[in-house]
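K.L.:
Can you keep this structure in mind? I'll have questions shortly.
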Amino acid sequence: MSTLDTQDVASPSESAFRYANEAIIITNADNQVIEVNPAFSELTGLALEDVRGKTPEAFSILPLDDHRSVRLMREELQLRDRSKSQVSYRSHDGQFYPGMLSINRVRDTQGRVDHHVMVLADLSAIPAHARHLNREVYFDALTGLPNLQLLTQLIQESIQHAENQQQTLAVCSLDIDHFQAINERLGLTVGDALLSAFAQRLSHQLFGDDVLARIGGDEFVLLLHHGVDDVFFEKLLGSIRQPLMVEGQVVYLTASLGITRYPHDHVQGDVLLRHANQAMYRAKQRGRDTHHFFDPHHDRLLQARHEQRQRFMDALDHDELRLHYQPQVDMRSGQVVGVEALIRWQHPERGLLSPGQFLPAIDATPLEIDLGEWVIEQALRQLASWQTANIVLPINVNISPAHLLTSQFSQRLAALLARYPTVSPALLKLEVLESAAMHDVTAALQTMARCQALGVSFAIDDFGTGYSSLTHLRQLPVSLIKIDQSFVRDMLVDRDDMAIVESVIYMANRFQRPMLAEGVETLEHARALMVLGCELAQGYGIARPMPPEALPGWLEQWPLRDDWHGLSRLQ
C-alpha cells in the first residue's frame, strides 16, 4: 500500500514536492539546503544527509564558466526574488550534465527572506553519445544560453512532452529591432554586454521548464510550456522596453516576436522554428515592437499557392497552355471584325482548364508578365499562320496591369513584333483593364503612345467596373471600349445593369469611341444593344471560344446564320 493509501494522507503541497518529476531543493535564508525531494536524489545520487547545510555550489550545481554569467547569477540571487539560469550539475554517474535552475525567494509576512525554492531541470535532450562533449557544443559562449544545436533537441523533447501531457507548446522567435545600428553605435564590446544583459532580462520572464536559447546574433528563441496569450507577450514586450544599464550607458531596446503553437501548428520541430521565424518577420513588417502569431491555415494556403505557381511555370515550359479565340462581329453588317485571344490550360491530368482555375494563383506575380509575353507571341504566330490561309482578322490580347506598366513593355513588344515581320502591327490589339490605366495615368499614356507608334492599338476592357472618369476616357488613346459582360448579361432583367449599359454607350458615343458589348448571349440582347446604339458584340450567342483550327470552319458557317444576319434590318 502506498503512502497516500494510509490514513496519514499527505497534503497537496507535500504530494507535489514528493512526487514532482523535477528535482526540488529548498534552502534557508543563507542558501543552505534544508530539504530535497526524491527526484533530486534520483537525478544526482545524493540523499538529504549528503547535502543538508550545504549550498548548491558545494555539491556541484554550478553556473556556466563564463565570468559574466557567474557574476550575474550571484547578483540575481542577491537582488531578485525570482531568477533562472543555465547550470551544470553532477549526476549520480559522476558526469556533469547541463541543467536549468529556477530560483524563487520566499519571504515572510514582514518581507524578510525566509527560504528559497529551487527547481533543477535536466536538459536531457542532449544525445547520450554526445554528453561528454564540451559545453561549448551546446551552449552559446556569450550568454550561456542553449544554442541552435541544443535548441533543436529541446524542441523535439518539448513536442513529445506536450503530446504525452496533452498540453500546448509555444515556440517564440525573438529578434532585437535595429540591433545592427545599436551595435555599430556602441561598439562590439558594449554590444556583447548588452546581449548578455538582455538574455538575463528575458530569463526572468520565464516559468518552470520554459527555455530561452540564443541561436545567433540578436536572435533568440523561447520554448514556452505554459499557456501563453496576447497578454503574456505584451508583458514581455513591455519588459524589453525598459531601459538597460550597460557599461555606464542607458540603452533602450524593442523586439519583434513571432509565435507558433503546437499542436495547433502540427509539424516537426525544425518546421515549428521556421514558422515562428516567419511570424517574427511578419511582426517586423507590421512596424516592429510587436508580436505576431503564425497561422497554419494561412500558411497552408500560401504553400498551396506556391505549388500552383510552380506548376504553372512548368506548364509554360512544357507547352501546356493554349489560346482559344472568340469571334467579334458587327451586328449591323454581320461582318466578323476580329477575335479575342483567351488563355486555356491543357492540363495532362485535369483536362482543359479555364482562366479562373489558374490565373488567380499568379495574380500580382512576375508570372503575369511571363504569361503576357507568351500570349502576345502566340497571337503573332497565329496571325502569321492564318495569313497563309487567307484569314486576316485582328486579334485582341488581354494585358495585365502589372505588365502594361513595366518600364520595358514597349521595347519588349517591339522585339516580339520584329520576330514576325509579315504580320501587320495593326492586327494586334491590346486590351487593358480600366483600372490599369487609371492606376498611373501618366505612365499608361506614355506606354500606350510608344505602342501606338509601333502600329498597335488599344481597347479598354471591362469598362464600367473600374474607376470611370470622363477626363481619363478623353485622355486615353483607345480605339475601342468594351462593355463588361456582367452588365450586359443581366441588362434585360436588371434595371440597374440596363442603366449602366445605357450610360457607357452614351459616354462612348459622346466621345466618338467605338464600343463592343461582351456577354451577348441571345438575339434579345443583340436587339436591345443595337437600339441603344452599340453595334459590335461578342458572346456565347455568337460563338464560344474555340481552338484556332476550328475558326476556319466557323467562318464558313457564320454567313448561314440567318437569325443574326437578320439584325441588319433593324432601324
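A note on labels: chains of the C-alpha cells are A, B, ... as shown, every chain counts residues from 1, and ligands are counted from 1 in their shown order.
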Check which residues of range 129-206 of chain A sit at most 7 Å from range 271-282 of chain A using only C-alpha atoms, and return one row each with the closest pair of atoms and their distance in Å to one decimal, ordered by chain and rising number, as a Markdown table.

P.N.:
| residue | atom | partner | partner_atom | distance |
| --- | --- | --- | --- | --- |
| A:Val171 | CA | A:Ala276 | CA | 6.3 |
| A:Cys172 | CA | A:Ala276 | CA | 5.8 |
| A:Ser173 | CA | A:Ala276 | CA | 5.4 |
| A:Leu174 | CA | A:Met280 | CA | 6.8 |

K.L.:
Among range 216-416 of chain A, which ones does DSSP assign to helix (DSSP H, G or I) (computed from the backbone)? Answer as number ranges by chain.

P.N.:
A: 230-241, 269-285, 296-317, 355-357, 359-362, 367-388, 401-404, 409-416

K.L.:
Just list the residues in range 163-371 of chain A DSSP gives strand (DSSP E or B) on the backbone, as a PyMOL selection string.

P.N.:
chain A and resi 169-176+211-216+219-224+244-246+249-251+255-262+291-293+321-330+336-347+351-353

K.L.:
Give me the residues within 10 Å of Leu253 in chain A as a PyMOL selection string, counting only C-alpha atoms and dropping any in the same chain fewer than 6 places off.

P.N.:
chain A and resi 176-179+182+194+198+237+239-244+289

K.L.:
Which residues, written as a list in words, have at least one atom at most 10 Å from range 484-495 of chain A, with only C-alpha atoms counted and residues fewer than 5 positions away on the same chain left out?

P.N.:
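Listing them by chain and then by number gives Ile460, Asp461, Asp462, Phe463, Gly464, Thr465, Ile500, Val501, Glu502, Val504, Leu516, Ala517, Glu518, Gly519, Val520, Glu521, Thr522, Glu524, His525, Ala526, Ala528, Leu529, Gln538 and Gly539 of chain A.
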
K.L.:
Just to be explicit: take each residue in the selection above, keep N, CA and C atoms, and write the result as a JSON list (two decimals), in the first residue's frame.

P.N.:
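Output saved as out.json:
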[["chain", "number", "residue", "atom", "x", "y", "z"],
["A", 460, "ILE", "N", -10.15, 49.48, -74.10],
["A", 460, "ILE", "CA", -10.39, 49.44, -72.66],
["A", 460, "ILE", "C", -11.33, 48.28, -72.38],
["A", 461, "ASP", "N", -10.86, 47.32, -71.56],
["A", 461, "ASP", "CA", -11.64, 46.12, -71.27],
["A", 461, "ASP", "C", -12.46, 46.31, -70.00],
["A", 462, "ASP", "N", -13.61, 45.65, -69.95],
["A", 462, "ASP", "CA", -14.48, 45.65, -68.75],
["A", 462, "ASP", "C", -14.82, 47.05, -68.31],
["A", 463, "PHE", "N", -15.12, 47.93, -69.26],
["A", 463, "PHE", "CA", -15.43, 49.31, -68.90],
["A", 463, "PHE", "C", -16.69, 49.36, -68.04],
["A", 464, "GLY", "N", -16.61, 50.20, -67.00],
["A", 464, "GLY", "CA", -17.74, 50.33, -66.08],
["A", 464, "GLY", "C", -17.50, 49.65, -64.75],
["A", 465, "THR", "N", -16.46, 48.79, -64.67],
["A", 465, "THR", "CA", -16.19, 48.07, -63.42],
["A", 465, "THR", "C", -15.09, 48.72, -62.62],
["A", 500, "ILE", "N", -26.55, 51.11, -66.43],
["A", 500, "ILE", "CA", -25.11, 51.20, -66.60],
["A", 500, "ILE", "C", -24.75, 51.05, -68.08],
["A", 501, "VAL", "N", -25.36, 50.07, -68.75],
["A", 501, "VAL", "CA", -25.07, 49.87, -70.17],
["A", 501, "VAL", "C", -25.45, 51.11, -70.96],
["A", 502, "GLU", "N", -26.61, 51.68, -70.67],
["A", 502, "GLU", "CA", -27.04, 52.90, -71.37],
["A", 502, "GLU", "C", -26.04, 54.04, -71.15],
["A", 504, "VAL", "N", -22.76, 53.84, -70.36],
["A", 504, "VAL", "CA", -21.49, 53.59, -71.04],
["A", 504, "VAL", "C", -21.63, 53.88, -72.53],
["A", 516, "LEU", "N", -17.91, 47.82, -77.89],
["A", 516, "LEU", "CA", -18.24, 46.42, -78.12],
["A", 516, "LEU", "C", -18.79, 45.85, -76.83],
["A", 517, "ALA", "N", -19.92, 45.14, -76.93],
["A", 517, "ALA", "CA", -20.55, 44.55, -75.75],
["A", 517, "ALA", "C", -20.10, 43.09, -75.62],
["A", 518, "GLU", "N", -19.61, 42.75, -74.44],
["A", 518, "GLU", "CA", -19.28, 41.35, -74.15],
["A", 518, "GLU", "C", -20.50, 40.66, -73.53],
["A", 519, "GLY", "N", -20.50, 39.34, -73.56],
["A", 519, "GLY", "CA", -21.56, 38.59, -72.89],
["A", 519, "GLY", "C", -22.89, 38.61, -73.61],
["A", 520, "VAL", "N", -22.87, 38.80, -74.92],
["A", 520, "VAL", "CA", -24.12, 38.79, -75.70],
["A", 520, "VAL", "C", -24.53, 37.34, -75.93],
["A", 521, "GLU", "N", -25.59, 36.92, -75.27],
["A", 521, "GLU", "CA", -25.96, 35.51, -75.28],
["A", 521, "GLU", "C", -27.20, 35.20, -76.13],
["A", 522, "THR", "N", -28.01, 36.21, -76.39],
["A", 522, "THR", "CA", -29.26, 35.95, -77.13],
["A", 522, "THR", "C", -29.49, 37.06, -78.15],
["A", 524, "GLU", "N", -32.17, 38.71, -78.23],
["A", 524, "GLU", "CA", -32.80, 39.80, -77.48],
["A", 524, "GLU", "C", -31.75, 40.78, -76.96],
["A", 525, "HIS", "N", -30.63, 40.25, -76.46],
["A", 525, "HIS", "CA", -29.53, 41.13, -76.05],
["A", 525, "HIS", "C", -29.06, 41.96, -77.25],
["A", 526, "ALA", "N", -28.88, 41.30, -78.37],
["A", 526, "ALA", "CA", -28.36, 41.98, -79.55],
["A", 526, "ALA", "C", -29.30, 43.10, -80.00],
["A", 528, "ALA", "N", -31.54, 44.76, -78.21],
["A", 528, "ALA", "CA", -31.57, 45.85, -77.23],
["A", 528, "ALA", "C", -30.32, 46.71, -77.35],
["A", 529, "LEU", "N", -29.16, 46.09, -77.58],
["A", 529, "LEU", "CA", -27.91, 46.84, -77.69],
["A", 529, "LEU", "C", -27.91, 47.72, -78.95],
["A", 538, "GLN", "N", -19.62, 40.39, -78.83],
["A", 538, "GLN", "CA", -19.10, 39.03, -78.76],
["A", 538, "GLN", "C", -19.80, 38.34, -77.59],
["A", 539, "GLY", "N", -19.90, 37.03, -77.66],
["A", 539, "GLY", "CA", -20.58, 36.30, -76.59],
["A", 539, "GLY", "C", -21.01, 34.94, -77.05]]

K.L.:
Range 83-111 of chain A near range 32-43 of chain A within 10 Å: what's each residue's closest atom pair and its distance in Å to one decimal, counting only C-alpha atoms, ordered by chain then ascending residue number, as CSV?

P.N.:
residue,atom,partner,partner_atom,distance
A:Tyr89,CA,A:Leu43,CA,9.5
A:Arg90,CA,A:Leu43,CA,8.9
A:Ser91,CA,A:Leu43,CA,6.0
A:His92,CA,A:Leu43,CA,6.3
A:Asp93,CA,A:Leu43,CA,9.4

K.L.:
Near Asn183 in chain A, within 10 Å and counting only C-alpha atoms, which residues show up once chain neighbours fewer than 6 positions away are dropped, as number ranges by chain?

P.N.:
A: 189-192, 194-195

K.L.:
Would you write out those residues with all heavy atoms, as a PDB file, in the first residue's frame?

P.N.:
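Wrote out_17.pdb, looks like this:
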ATOM      1  N   THR A 189      32.172  45.476 -27.937  1.00  0.00           N
ATOM      2  CA  THR A 189      32.307  45.084 -26.531  1.00  0.00           C
ATOM      3  C   THR A 189      31.046  45.405 -25.759  1.00  0.00           C
ATOM      4  O   THR A 189      30.501  44.557 -25.031  1.00  0.00           O
ATOM      5  CB  THR A 189      33.512  45.788 -25.887  1.00  0.00           C
ATOM      6  OG1 THR A 189      34.698  45.437 -26.611  1.00  0.00           O
ATOM      7  CG2 THR A 189      33.654  45.377 -24.434  1.00  0.00           C
ATOM      8  N   VAL A 190      30.563  46.624 -25.905  1.00  0.00           N
ATOM      9  CA  VAL A 190      29.321  47.004 -25.221  1.00  0.00           C
ATOM     10  C   VAL A 190      28.147  46.230 -25.806  1.00  0.00           C
ATOM     11  O   VAL A 190      27.226  45.832 -25.080  1.00  0.00           O
ATOM     12  CB  VAL A 190      29.087  48.522 -25.337  1.00  0.00           C
ATOM     13  CG1 VAL A 190      27.775  48.921 -24.666  1.00  0.00           C
ATOM     14  CG2 VAL A 190      30.245  49.288 -24.722  1.00  0.00           C
ATOM     15  N   GLY A 191      28.187  45.981 -27.098  1.00  0.00           N
ATOM     16  CA  GLY A 191      27.115  45.205 -27.718  1.00  0.00           C
ATOM     17  C   GLY A 191      27.010  43.813 -27.132  1.00  0.00           C
ATOM     18  O   GLY A 191      25.907  43.305 -26.882  1.00  0.00           O
ATOM     19  N   ASP A 192      28.156  43.167 -26.903  1.00  0.00           N
ATOM     20  CA  ASP A 192      28.143  41.841 -26.283  1.00  0.00           C
ATOM     21  C   ASP A 192      27.586  41.902 -24.864  1.00  0.00           C
ATOM     22  O   ASP A 192      26.798  41.042 -24.448  1.00  0.00           O
ATOM     23  CB  ASP A 192      29.560  41.261 -26.262  1.00  0.00           C
ATOM     24  CG  ASP A 192      30.007  40.780 -27.633  1.00  0.00           C
ATOM     25  OD1 ASP A 192      29.158  40.727 -28.541  1.00  0.00           O
ATOM     26  OD2 ASP A 192      31.199  40.472 -27.790  1.00  0.00           O
ATOM     27  N   LEU A 194      25.526  44.060 -23.763  1.00  0.00           N
ATOM     28  CA  LEU A 194      24.093  44.330 -23.906  1.00  0.00           C
ATOM     29  C   LEU A 194      23.322  43.046 -24.181  1.00  0.00           C
ATOM     30  O   LEU A 194      22.253  42.810 -23.593  1.00  0.00           O
ATOM     31  CB  LEU A 194      23.887  45.329 -25.040  1.00  0.00           C
ATOM     32  CG  LEU A 194      22.431  45.704 -25.372  1.00  0.00           C
ATOM     33  CD1 LEU A 194      21.775  46.372 -24.181  1.00  0.00           C
ATOM     34  CD2 LEU A 194      22.399  46.629 -26.592  1.00  0.00           C
ATOM     35  N   LEU A 195      23.854  42.186 -25.051  1.00  0.00           N
ATOM     36  CA  LEU A 195      23.187  40.912 -25.348  1.00  0.00           C
ATOM     37  C   LEU A 195      23.100  40.038 -24.097  1.00  0.00           C
ATOM     38  O   LEU A 195      22.084  39.373 -23.862  1.00  0.00           O
ATOM     39  CB  LEU A 195      23.928  40.172 -26.461  1.00  0.00           C
ATOM     40  CG  LEU A 195      23.740  40.737 -27.874  1.00  0.00           C
ATOM     41  CD1 LEU A 195      24.683  40.039 -28.845  1.00  0.00           C
ATOM     42  CD2 LEU A 195      22.298  40.576 -28.331  1.00  0.00           C
TER      43      LEU A 195
END

K.L.:
Calculated over only C-alpha atoms, which of the candidates A:Ser83, A:Thr447, A:Gln378, A:Gln167 has the smallest distance to Leu404 in chain A?

P.N.:
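For Leu404 in chain A, the nearest of the given residues is A:Thr447.
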
K.L.:
Return the single residue from A:Lys482, A:His115, A:Arg305, A:His266 that is closest to Val432 in chain A, with distances computed using only C-alpha atoms.

P.N.:
A:Lys482
